[in-house]
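Novice: Structure file my_file05.pdb (PDB, C-alpha atoms) right here:
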ATOM      1  CA  MET A   1     157.916 -50.457  51.813
ATOM      2  CA  LYS A   2     161.277 -49.678  53.330
ATOM      3  CA  THR A   3     163.775 -52.491  53.019
ATOM      4  CA  GLU A   4     167.031 -52.911  54.873
ATOM      5  CA  ALA A   5     169.969 -55.244  54.719
ATOM      6  CA  ASN A   6     171.587 -56.720  57.815
ATOM      7  CA  SER A   7     172.277 -53.635  59.898
ATOM      8  CA  ASN A   8     175.618 -55.000  61.046
ATOM      9  CA  ASP A   9     176.984 -54.810  57.517
ATOM     10  CA  ASP A  10     175.385 -51.633  56.166
ATOM     11  CA  VAL A  11     177.711 -48.624  56.293
ATOM     12  CA  THR A  12     174.711 -46.279  56.177
ATOM     13  CA  ASP A  13     173.196 -47.733  59.329
ATOM     14  CA  HIS A  14     176.533 -47.658  61.144
ATOM     15  CA  PRO A  15     178.291 -44.413  60.166
ATOM     16  CA  HIS A  16     180.773 -44.731  63.050
ATOM     17  CA  ASP A  17     182.043 -48.126  61.884
ATOM     18  CA  ASP A  18     185.275 -47.469  59.988
ATOM     19  CA  LYS A  19     186.205 -51.050  59.069
ATOM     20  CA  PRO A  20     187.272 -51.594  55.420
ATOM     21  CA  ARG A  21     184.369 -52.297  53.027
ATOM     22  CA  PRO A  22     185.801 -53.506  49.697
ATOM     23  CA  TYR A  23     182.545 -54.966  48.284
ATOM     24  CA  LEU A  24     180.445 -52.433  46.354
ATOM     25  CA  CYS A  25     176.763 -52.694  45.419
ATOM     26  CA  THR A  26     176.507 -51.490  41.827
ATOM     27  CA  VAL A  27     172.859 -50.488  42.317
ATOM     28  CA  CYS A  28     173.052 -48.076  45.257
ATOM     29  CA  ASP A  29     176.847 -47.712  45.826
ATOM     30  CA  LYS A  30     176.740 -49.018  49.409
ATOM     31  CA  ARG A  31     179.844 -50.911  50.510
ATOM     32  CA  PHE A  32     180.218 -54.024  52.662
ATOM     33  CA  ARG A  33     182.908 -55.851  54.616
ATOM     34  CA  THR A  34     182.265 -59.335  53.189
ATOM     35  CA  LYS A  35     180.991 -60.846  49.952
ATOM     36  CA  GLN A  36     178.250 -62.658  51.909
ATOM     37  CA  SER A  37     177.017 -59.323  53.272
ATOM     38  CA  LEU A  38     176.862 -57.911  49.758
ATOM     39  CA  THR A  39     174.910 -60.970  48.579
ATOM     40  CA  ARG A  40     172.357 -60.508  51.377
ATOM     41  CA  HIS A  41     172.107 -56.804  50.601
ATOM     42  CA  ARG A  42     171.378 -57.436  46.910
ATOM     43  CA  LYS A  43     168.139 -59.153  47.924
ATOM     44  CA  LYS A  44     166.960 -55.711  48.926
ATOM     45  CA  HIS A  45     166.914 -54.739  45.249
ATOM     46  CA  THR A  46     165.581 -58.034  43.877
ATOM     47  CA  GLY A  47     162.851 -58.372  46.510
ATOM     48  CA  GLU A  48     163.623 -62.029  47.269
ATOM     49  CA  ASN A  49     163.652 -63.653  50.720
ATOM     50  CA  LEU A  50     162.538 -60.519  52.541
ATOM     51  CA  TYR A  51     161.867 -60.718  56.285
ATOM     52  CA  SER A  52     159.184 -58.237  57.304
ATOM     53  CA  CYS A  53     158.667 -56.617  60.694
ATOM     54  CA  THR A  54     155.115 -57.138  61.953
ATOM     55  CA  GLN A  55     155.233 -53.875  63.934
ATOM     56  CA  CYS A  56     156.392 -51.433  61.246
ATOM     57  CA  GLU A  57     157.074 -51.315  57.500
ATOM     58  CA  LYS A  58     160.750 -52.238  57.628
ATOM     59  CA  CYS A  59     162.012 -55.356  55.866
ATOM     60  CA  PHE A  60     165.320 -57.176  56.180
ATOM     61  CA  SER A  61     167.306 -59.521  53.970
ATOM     62  CA  SER A  62     168.176 -61.858  56.868
ATOM     63  CA  GLN A  63     166.452 -63.281  59.929
ATOM     64  CA  THR A  64     169.323 -62.008  62.051
ATOM     65  CA  GLY A  65     168.709 -58.451  60.947
ATOM     66  CA  LEU A  66     164.976 -58.767  61.671
ATOM     67  CA  TYR A  67     165.597 -60.338  65.094
ATOM     68  CA  LYS A  68     167.890 -57.501  66.177
ATOM     69  CA  HIS A  69     165.427 -54.941  64.874
ATOM     70  CA  MET A  70     162.553 -56.500  66.871
ATOM     71  CA  ASN A  71     164.363 -55.604  70.092
ATOM     72  CA  ILE A  72     163.324 -52.013  69.413
ATOM     73  CA  HIS A  73     159.641 -52.989  69.606
ATOM     74  CA  ARG A  74     160.154 -55.309  72.608
ATOM     75  CA  ASP A  75     161.701 -52.410  74.591
ATOM     76  CA  LYS A  76     164.451 -54.858  75.547
ATOM     77  CA  TYR A  77     167.203 -52.252  75.279
ATOM     78  CA  LYS A  78     165.404 -49.093  76.372
ATOM     79  CA  CYS A  79     167.075 -45.952  77.692
ATOM     80  CA  THR A  80     165.684 -45.044  81.115
ATOM     81  CA  GLU A  81     166.537 -41.372  80.556
ATOM     82  CA  CYS A  82     164.705 -40.595  77.302
ATOM     83  CA  GLY A  83     162.871 -43.798  76.368
ATOM     84  CA  LYS A  84     164.834 -44.462  73.180
ATOM     85  CA  CYS A  85     164.938 -48.143  72.223
ATOM     86  CA  CYS A  86     168.049 -49.728  70.707
ATOM     87  CA  SER A  87     168.492 -53.001  68.888
ATOM     88  CA  ASN A  88     171.331 -54.291  71.091
ATOM     89  CA  SER A  89     173.118 -53.662  74.389
ATOM     90  CA  GLN A  90     176.209 -52.148  72.746
ATOM     91  CA  LEU A  91     174.200 -49.438  71.007
ATOM     92  CA  LEU A  92     172.299 -48.738  74.226
ATOM     93  CA  ALA A  93     175.554 -48.340  76.177
ATOM     94  CA  THR A  94     176.867 -45.931  73.551
ATOM     95  CA  HIS A  95     173.600 -43.968  73.584
ATOM     96  CA  ARG A  96     173.664 -43.608  77.393
ATOM     97  CA  ARG A  97     176.915 -41.676  77.121
ATOM     98  CA  SER A  98     174.959 -38.863  75.460
ATOM     99  CA  HIS A  99     173.232 -38.357  78.821
ATOM    100  CA  SER A 100     176.172 -38.987  81.149
ATOM    101  CA  GLY A 101     178.742 -37.061  79.117
ATOM    102  CA  GLU A 102     181.169 -39.969  79.521
ATOM    103  CA  LYS A 103     184.031 -39.990  77.010
ATOM    104  CA  PRO A 104     186.188 -43.034  77.735
ATOM    105  CA  PHE A 105     188.281 -42.935  74.546
ATOM    106  CA  GLU A 106     191.258 -40.550  74.687
ATOM    107  CA  CYS A 107     193.642 -39.505  71.917
ATOM    108  CA  THR A 108     197.242 -40.269  72.928
ATOM    109  CA  VAL A 109     198.542 -37.317  70.889
ATOM    110  CA  CYS A 110     196.363 -34.353  71.903
ATOM    111  CA  SER A 111     194.325 -35.856  74.812
ATOM    112  CA  LYS A 112     190.976 -35.075  73.159
ATOM    113  CA  ARG A 113     188.301 -37.487  74.390
ATOM    114  CA  PHE A 114     185.449 -39.243  72.594
ATOM    115  CA  SER A 115     182.332 -41.189  73.539
ATOM    116  CA  GLU A 116     182.824 -43.788  70.786
ATOM    117  CA  ALA A 117     185.853 -45.751  69.654
ATOM    118  CA  GLY A 118     185.054 -45.110  65.984
ATOM    119  CA  ASN A 119     185.193 -41.353  66.518
ATOM    120  CA  LEU A 120     188.642 -41.712  68.087
ATOM    121  CA  VAL A 121     189.835 -43.830  65.149
ATOM    122  CA  ARG A 122     188.759 -41.151  62.664
ATOM    123  CA  HIS A 123     190.231 -38.363  64.791
ATOM    124  CA  SER A 124     193.615 -40.129  65.009
ATOM    125  CA  ARG A 125     193.955 -39.830  61.233
ATOM    126  CA  ILE A 126     194.348 -36.071  61.688
ATOM    127  CA  HIS A 127     197.681 -36.822  63.343
ATOM    128  CA  SER A 128     198.750 -39.806  61.231
ATOM    129  CA  GLY A 129     197.607 -38.487  57.855
ATOM    130  CA  GLU A 130     196.190 -41.935  57.051
ATOM    131  CA  LYS A 131     193.649 -42.070  54.213
ATOM    132  CA  PRO A 132     192.454 -45.683  53.938
ATOM    133  CA  TYR A 133     189.426 -45.069  51.690
ATOM    134  CA  LYS A 134     190.628 -44.980  48.084
ATOM    135  CA  CYS A 135     188.595 -44.138  45.000
ATOM    136  CA  HIS A 136     188.653 -47.014  42.496
ATOM    137  CA  VAL A 137     188.158 -44.571  39.600
ATOM    138  CA  CYS A 138     190.890 -41.993  40.297
ATOM    139  CA  VAL A 139     193.874 -41.738  42.631
ATOM    140  CA  LYS A 140     192.201 -39.727  45.411
ATOM    141  CA  ALA A 141     192.087 -41.117  48.961
ATOM    142  CA  PHE A 142     190.068 -40.089  52.004
ATOM    143  CA  SER A 143     190.231 -40.441  55.779
ATOM    144  CA  GLU A 144     186.520 -41.273  56.148
ATOM    145  CA  SER A 145     184.167 -43.539  54.231
ATOM    146  CA  GLY A 146     181.544 -40.792  54.095
ATOM    147  CA  HIS A 147     183.969 -38.497  52.294
ATOM    148  CA  LEU A 148     184.639 -41.233  49.731
ATOM    149  CA  ASN A 149     180.904 -41.714  49.178
ATOM    150  CA  ASP A 150     180.518 -37.974  48.578
ATOM    151  CA  HIS A 151     183.486 -38.004  46.193
ATOM    152  CA  MET A 152     182.068 -40.875  44.130
ATOM    153  CA  ARG A 153     179.271 -38.571  42.990
ATOM    154  CA  VAL A 154     181.911 -36.661  41.022
ATOM    155  CA  HIS A 155     182.253 -39.735  38.810
ATOM    156  CA  THR A 156     178.609 -40.873  38.815
ATOM    157  CA  GLY A 157     177.101 -37.392  38.446
ATOM    158  CA  ASP A 158     174.561 -38.262  41.128
ATOM    159  CA  LYS A 159     172.926 -35.214  42.759
ATOM    160  CA  PRO A 160     170.328 -36.606  45.171
ATOM    161  CA  PHE A 161     169.639 -33.411  47.138
ATOM    162  CA  LYS A 162     166.986 -31.311  45.399
ATOM    163  CA  CYS A 163     166.006 -27.768  46.320
ATOM    164  CA  SER A 164     162.253 -27.535  46.860
ATOM    165  CA  LEU A 165     162.220 -23.878  45.782
ATOM    166  CA  CYS A 166     164.051 -23.904  42.438
ATOM    167  CA  ASN A 167     164.496 -27.674  41.763
ATOM    168  CA  LYS A 168     168.280 -27.344  41.599
ATOM    169  CA  CYS A 169     169.997 -30.628  42.470
ATOM    170  CA  LEU A 170     173.203 -30.845  44.488
ATOM    171  CA  SER A 171     175.559 -33.654  45.433
ATOM    172  CA  LYS A 172     175.758 -32.959  49.197
ATOM    173  CA  SER A 173     173.236 -32.034  51.861
ATOM    174  CA  SER A 174     175.615 -29.325  53.128
ATOM    175  CA  HIS A 175     175.641 -27.804  49.632
ATOM    176  CA  LEU A 176     171.835 -27.788  49.627
ATOM    177  CA  HIS A 177     171.695 -25.995  52.995
ATOM    178  CA  ARG A 178     174.226 -23.424  51.775
ATOM    179  CA  HIS A 179     172.310 -22.967  48.516
ATOM    180  CA  LYS A 180     169.057 -22.264  50.364
ATOM    181  CA  ARG A 181     170.765 -19.831  52.725
ATOM    182  CA  LEU A 182     172.526 -17.884  49.993
ATOM    183  CA  VAL A 183     169.946 -17.990  47.215
ATOM    184  CA  HIS A 184     166.529 -18.250  48.846
ATOM    185  CA  SER A 185     167.110 -16.409  52.123
ATOM    186  CA  ASN A 186     167.325 -12.672  52.756
ATOM    187  CA  ARG A 187     169.469 -13.127  55.852
ATOM    188  CA  ARG A 188     172.651 -11.004  55.773
ATOM    189  CA  PRO A 189     174.515 -11.424  59.073
ATOM    190  CA  TYR A 190     177.848  -9.874  58.009
ATOM    191  CA  HIS A 191     178.040  -6.082  58.397
ATOM    192  CA  CYS A 192     180.722  -3.792  57.012
ATOM    193  CA  PRO A 193     182.292  -1.771  59.874
ATOM    194  CA  TYR A 194     182.932   1.155  57.497
ATOM    195  CA  CYS A 195     179.598   1.687  55.717
ATOM    196  CA  GLY A 196     177.155  -0.757  57.305
ATOM    197  CA  LYS A 197     176.481  -2.691  54.100
ATOM    198  CA  MET A 198     175.319  -6.231  54.819
ATOM    199  CA  PHE A 199     176.462  -9.514  53.253
ATOM    200  CA  LYS A 200     175.448 -13.155  53.334
ATOM    201  CA  THR A 201     178.955 -14.577  53.672
ATOM    202  CA  GLY A 202     182.145 -13.602  55.445
ATOM    203  CA  THR A 203     184.062 -13.970  52.189
ATOM    204  CA  ALA A 204     181.836 -11.407  50.476
ATOM    205  CA  LEU A 205     182.362  -8.987  53.358
ATOM    206  CA  LYS A 206     186.131  -9.525  53.266
ATOM    207  CA  CYS A 207     186.221  -8.674  49.565
ATOM    208  CA  HIS A 208     184.015  -5.616  50.077
ATOM    209  CA  VAL A 209     186.202  -4.183  52.838
ATOM    210  CA  ARG A 210     189.029  -3.824  50.305
ATOM    211  CA  ILE A 211     187.045  -0.945  48.789
ATOM    212  CA  HIS A 212     187.541   0.985  52.033
ATOM    213  CA  THR A 213     191.094  -0.154  52.852
ATOM    214  CA  ASP A 214     192.374  -0.078  49.256
ATOM    215  CA  ALA A 215     193.980  -3.460  49.878
ATOM    216  CA  LYS A 216     195.262  -5.218  46.759
ATOM    217  CA  PRO A 217     196.505  -8.676  47.778
ATOM    218  CA  TYR A 218     196.747 -10.151  44.250
ATOM    219  CA  SER A 219     199.921  -9.201  42.365
ATOM    220  CA  CYS A 220     201.090 -10.090  38.859
ATOM    221  CA  ARG A 221     204.379 -11.991  38.869
ATOM    222  CA  HIS A 222     205.306 -10.505  35.493
ATOM    223  CA  CYS A 223     204.845  -6.757  36.031
ATOM    224  CA  LEU A 224     204.035  -6.581  39.791
ATOM    225  CA  GLN A 225     200.754  -4.767  39.170
ATOM    226  CA  CYS A 226     198.344  -5.379  42.084
ATOM    227  CA  PHE A 227     194.621  -6.069  42.181
ATOM    228  CA  ALA A 228     191.892  -6.185  44.805
ATOM    229  CA  TRP A 229     190.196  -9.309  43.417
ATOM    230  CA  HIS A 230     191.514 -12.536  41.943
ATOM    231  CA  VAL A 231     189.249 -12.254  38.877
ATOM    232  CA  GLN A 232     190.931  -8.914  38.060
ATOM    233  CA  LEU A 233     194.354 -10.564  38.187
ATOM    234  CA  LYS A 234     193.124 -13.404  35.992
ATOM    235  CA  ALA A 235     191.780 -10.926  33.440
ATOM    236  CA  HIS A 236     195.080  -9.038  33.495
ATOM    237  CA  LEU A 237     197.127 -12.214  32.915
ATOM    238  CA  LEU A 238     194.931 -13.210  29.981
ATOM    239  CA  LYS A 239     194.879  -9.821  28.280
ATOM    240  CA  SER A 240     198.359  -8.488  29.046
ATOM    241  CA  HIS A 241     200.505 -11.615  29.265
ATOM    242  CA  ASN A 242     198.477 -14.187  27.300
ATOM    243  CA  GLU A 243     198.559 -16.515  30.311
ATOM    244  CA  GLY A 244     195.600 -18.703  31.215
ATOM    245  CA  THR A 245     192.573 -20.108  29.418
ATOM    246  CA  TRP A 246     189.712 -18.327  27.739
ATOM    247  CA  PHE A 247     186.272 -19.970  27.931
ATOM    248  CA  THR A 248     184.679 -19.900  24.474
ATOM    249  CA  CYS A 249     180.967 -20.121  23.679
ATOM    250  CA  ASP A 250     180.330 -23.025  21.290
ATOM    251  CA  ILE A 251     177.493 -21.144  19.601
ATOM    252  CA  CYS A 252     178.788 -17.615  18.973
ATOM    253  CA  GLN A 253     182.512 -18.048  19.779
ATOM    254  CA  GLN A 254     182.473 -15.173  22.279
ATOM    255  CA  GLN A 255     185.207 -15.570  24.906
ATOM    256  CA  PHE A 256     185.009 -15.136  28.664
ATOM    257  CA  ILE A 257     187.501 -14.938  31.503
ATOM    258  CA  THR A 258     185.691 -17.389  33.794
ATOM    259  CA  ARG A 259     183.520 -20.442  33.295
ATOM    260  CA  SER A 260     180.754 -18.834  35.355
ATOM    261  CA  LYS A 261     180.611 -15.841  32.963
ATOM    262  CA  LEU A 262     180.357 -18.226  30.015
ATOM    263  CA  LYS A 263     177.530 -20.107  31.740
ATOM    264  CA  LEU A 264     175.685 -16.846  32.409
ATOM    265  CA  HIS A 265     176.143 -15.813  28.773
ATOM    266  CA  SER A 266     174.744 -19.128  27.516
ATOM    267  CA  LEU A 267     171.729 -18.926  29.816
ATOM    268  CA  GLN A 268     170.908 -15.340  28.888
ATOM    269  CA  ARG A 269     171.683 -15.304  25.153
ATOM    270  CA  HIS A 270     171.136 -18.826  23.879
ATOM    271  CA  GLU A 271     168.898 -20.723  26.303
ATOM    272  CA  ASP A 272     166.763 -18.131  28.071
ATOM    273  CA  VAL A 273     166.669 -20.421  31.118
ATOM    274  CA  LYS A 274     165.772 -18.794  34.427
ATOM    275  CA  PRO A 275     165.849 -21.475  37.144
ATOM    276  CA  TYR A 276     166.129 -19.126  40.142
ATOM    277  CA  VAL A 277     162.722 -18.003  41.448
ATOM    278  CA  CYS A 278     162.138 -15.234  43.979
ATOM    279  CA  ILE A 279     160.222 -16.473  47.034
ATOM    280  CA  GLU A 280     158.630 -13.028  47.488
ATOM    281  CA  CYS A 281     157.363 -12.433  43.936
ATOM    282  CA  PRO A 282     157.022 -14.358  40.626
ATOM    283  CA  LYS A 283     160.215 -12.983  39.060
ATOM    284  CA  ARG A 284     162.785 -15.469  37.743
ATOM    285  CA  PHE A 285     166.522 -15.082  37.108
ATOM    286  CA  CYS A 286     169.304 -16.819  35.215
ATOM    287  CA  THR A 287     171.806 -16.903  38.062
ATOM    288  CA  ALA A 288     171.925 -16.987  41.845
ATOM    289  CA  THR A 289     173.838 -13.686  41.801
ATOM    290  CA  GLU A 290     171.000 -11.928  39.983
ATOM    291  CA  LEU A 291     168.481 -13.379  42.431
ATOM    292  CA  ARG A 292     170.543 -12.264  45.434
ATOM    293  CA  SER A 293     170.688  -8.733  44.048
ATOM    294  CA  HIS A 294     166.930  -8.787  43.451
ATOM    295  CA  HIS A 295     166.299  -9.858  47.070
ATOM    296  CA  LEU A 296     167.404  -6.382  48.159
ATOM    297  CA  VAL A 297     164.159  -5.035  46.704
ATOM    298  CA  HIS A 298     162.223  -6.984  49.317
ATOM    299  CA  SER A 299     164.616  -6.502  52.251
ATOM    300  CA  ASP A 300     164.936  -3.649  54.719
ATOM    301  CA  TYR A 301     168.386  -2.851  53.362
ATOM    302  CA  LYS A 302     168.510  -1.114  49.992
TER
END
Go ahead and render the structure in this file as structure tokens.

Specialist:
Amino acid sequence: MKTEANSNDDVTDHPHDDKPRPYLCTVCDKRFRTKQSLTRHRKKHTGENLYSCTQCEKCFSSQTGLYKHMNIHRDKYKCTECGKCCSNSQLLATHRRSHSGEKPFECTVCSKRFSEAGNLVRHSRIHSGEKPYKCHVCVKAFSESGHLNDHMRVHTGDKPFKCSLCNKCLSKSSHLHRHKRLVHSNRRPYHCPYCGKMFKTGTALKCHVRIHTDAKPYSCRHCLQCFAWHVQLKAHLLKSHNEGTWFTCDICQQQFITRSKLKLHSLQRHEDVKPYVCIECPKRFCTATELRSHHLVHSDYK
């Protein structure tokens, strides 16, 4: 059964509401404007005093929340354009702007217009540099509450977005979409204008083009030697100037230039873990890079 707190107080239900929310639920990390709102929300986890909708499976921690929700089933606030039902007149008015294209809120700095006041508030922080959402664990601050919620997973280690193909878990939905595109898709939309080789990302293409142009944008500040890739410069600084940090394997003490090379070494030599599975055949691989290279076997480009 899906349970909800009062929708006026829940930051998840109202992503465009940017009012300060200093009260944190220690169970699910949602934040609230008042202590009373947090108290009502906690009933969601304890299961006490739940108000159930007779039309669907949703439950609410207050009668007010249930009453507003019931407007959706009564068709009281129904859009005449698409039939969508809202819980109150304010939400219906905001929704109607998606059909009319009306944008009544204008930025006084750059004249960009918005359909909702909350979107204008967030946009204005681009100009002011204001970052009102502060992490209570470290010193970082953010311009949007959603960015703070994403950041908190750095401290909690929470990775709620799981790949259905290889079971890898990620902290953001955008990271999951990127992971699926790069690891489990054969799509290569970036073409080299010199040799026609195809790549999955613009960054990969940009690095590849240096082979043809002989560009070497990374230079050593000690001896002015230049390199095409940053990893080459890092290796040079470590080996020639003893600058930087080696990554050492705890098991065999072998050293590596990057953390990713150490991780690959550990997977291949000490763990024999192969979490990346080809969607075309049963083969498995230690790293996403190995899987991407293998995908060429199944693609039109060799």

Novice: Quick one: of A:Ile126, A:Ala235, A:Val183, A:Cys85, who's nearest to A:Pro275, counting all atoms listed in the file?

Specialist: A:Val183

Novice: Please evaluate the PyMOL selection byres ((chain A and resi 159-162) around 12) against the displayed coordinates and give the resulting residues as a PDB file with C-alpha atoms, in the frame of the given file.

Specialist:
ATOM      1  CA  CYS A  28     173.052 -48.076  45.257  1.00  0.00           C
ATOM      2  CA  ASP A 150     180.518 -37.974  48.578  1.00  0.00           C
ATOM      3  CA  HIS A 151     183.486 -38.004  46.193  1.00  0.00           C
ATOM      4  CA  MET A 152     182.068 -40.875  44.130  1.00  0.00           C
ATOM      5  CA  ARG A 153     179.271 -38.571  42.990  1.00  0.00           C
ATOM      6  CA  VAL A 154     181.911 -36.661  41.022  1.00  0.00           C
ATOM      7  CA  HIS A 155     182.253 -39.735  38.810  1.00  0.00           C
ATOM      8  CA  THR A 156     178.609 -40.873  38.815  1.00  0.00           C
ATOM      9  CA  GLY A 157     177.101 -37.392  38.446  1.00  0.00           C
ATOM     10  CA  ASP A 158     174.561 -38.262  41.128  1.00  0.00           C
ATOM     11  CA  CYS A 163     166.006 -27.768  46.320  1.00  0.00           C
ATOM     12  CA  SER A 164     162.253 -27.535  46.860  1.00  0.00           C
ATOM     13  CA  LEU A 165     162.220 -23.878  45.782  1.00  0.00           C
ATOM     14  CA  CYS A 166     164.051 -23.904  42.438  1.00  0.00           C
ATOM     15  CA  ASN A 167     164.496 -27.674  41.763  1.00  0.00           C
ATOM     16  CA  LYS A 168     168.280 -27.344  41.599  1.00  0.00           C
ATOM     17  CA  CYS A 169     169.997 -30.628  42.470  1.00  0.00           C
ATOM     18  CA  LEU A 170     173.203 -30.845  44.488  1.00  0.00           C
ATOM     19  CA  SER A 171     175.559 -33.654  45.433  1.00  0.00           C
ATOM     20  CA  LYS A 172     175.758 -32.959  49.197  1.00  0.00           C
ATOM     21  CA  SER A 173     173.236 -32.034  51.861  1.00  0.00           C
ATOM     22  CA  SER A 174     175.615 -29.325  53.128  1.00  0.00           C
ATOM     23  CA  HIS A 175     175.641 -27.804  49.632  1.00  0.00           C
ATOM     24  CA  LEU A 176     171.835 -27.788  49.627  1.00  0.00           C
ATOM     25  CA  HIS A 177     171.695 -25.995  52.995  1.00  0.00           C
ATOM     26  CA  ARG A 178     174.226 -23.424  51.775  1.00  0.00           C
ATOM     27  CA  HIS A 179     172.310 -22.967  48.516  1.00  0.00           C
ATOM     28  CA  LYS A 180     169.057 -22.264  50.364  1.00  0.00           C
TER      29      LYS A 180
END

Novice: As an exercise, work out the distance from atom CA of A:Val277 to atom CA of A:His295 in Å and give it to one decimal place.

Specialist: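 So the two atoms, atom CA of A:Val277 and atom CA of A:His295, lie 10.5 Å apart.
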
Novice: In Å, how far is it from atom CA of A:Phe105 to atom CA of A:Leu120?

Specialist: 6.6 Å

Novice: Run the PyMOL selection byres ((chain A and resi 217) around 12) mentally over the shown coordinates, then write out the matched residues as a PDB file with C-alpha atoms, in the coordinates of the input, using the chain letters and numbers from the document.

Specialist:
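What follows is the written file part19.pdb:
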ATOM      1  CA  LYS A 206     186.131  -9.525  53.266  1.00  0.00           C
ATOM      2  CA  CYS A 207     186.221  -8.674  49.565  1.00  0.00           C
ATOM      3  CA  ARG A 210     189.029  -3.824  50.305  1.00  0.00           C
ATOM      4  CA  THR A 213     191.094  -0.154  52.852  1.00  0.00           C
ATOM      5  CA  ASP A 214     192.374  -0.078  49.256  1.00  0.00           C
ATOM      6  CA  ALA A 215     193.980  -3.460  49.878  1.00  0.00           C
ATOM      7  CA  LYS A 216     195.262  -5.218  46.759  1.00  0.00           C
ATOM      8  CA  TYR A 218     196.747 -10.151  44.250  1.00  0.00           C
ATOM      9  CA  SER A 219     199.921  -9.201  42.365  1.00  0.00           C
ATOM     10  CA  CYS A 220     201.090 -10.090  38.859  1.00  0.00           C
ATOM     11  CA  LEU A 224     204.035  -6.581  39.791  1.00  0.00           C
ATOM     12  CA  GLN A 225     200.754  -4.767  39.170  1.00  0.00           C
ATOM     13  CA  CYS A 226     198.344  -5.379  42.084  1.00  0.00           C
ATOM     14  CA  PHE A 227     194.621  -6.069  42.181  1.00  0.00           C
ATOM     15  CA  ALA A 228     191.892  -6.185  44.805  1.00  0.00           C
ATOM     16  CA  TRP A 229     190.196  -9.309  43.417  1.00  0.00           C
ATOM     17  CA  HIS A 230     191.514 -12.536  41.943  1.00  0.00           C
ATOM     18  CA  GLN A 232     190.931  -8.914  38.060  1.00  0.00           C
ATOM     19  CA  LEU A 233     194.354 -10.564  38.187  1.00  0.00           C
TER      20      LEU A 233
END

Novice: Quick one: everything within 12 Å of A:Ser128, counting all atoms listed in the file, minus sequence neighbours fewer than 5 positions away in the same chain. Send it as an MDAnalysis selection string.

Specialist: chainID A and resid 107:109 121:123 143
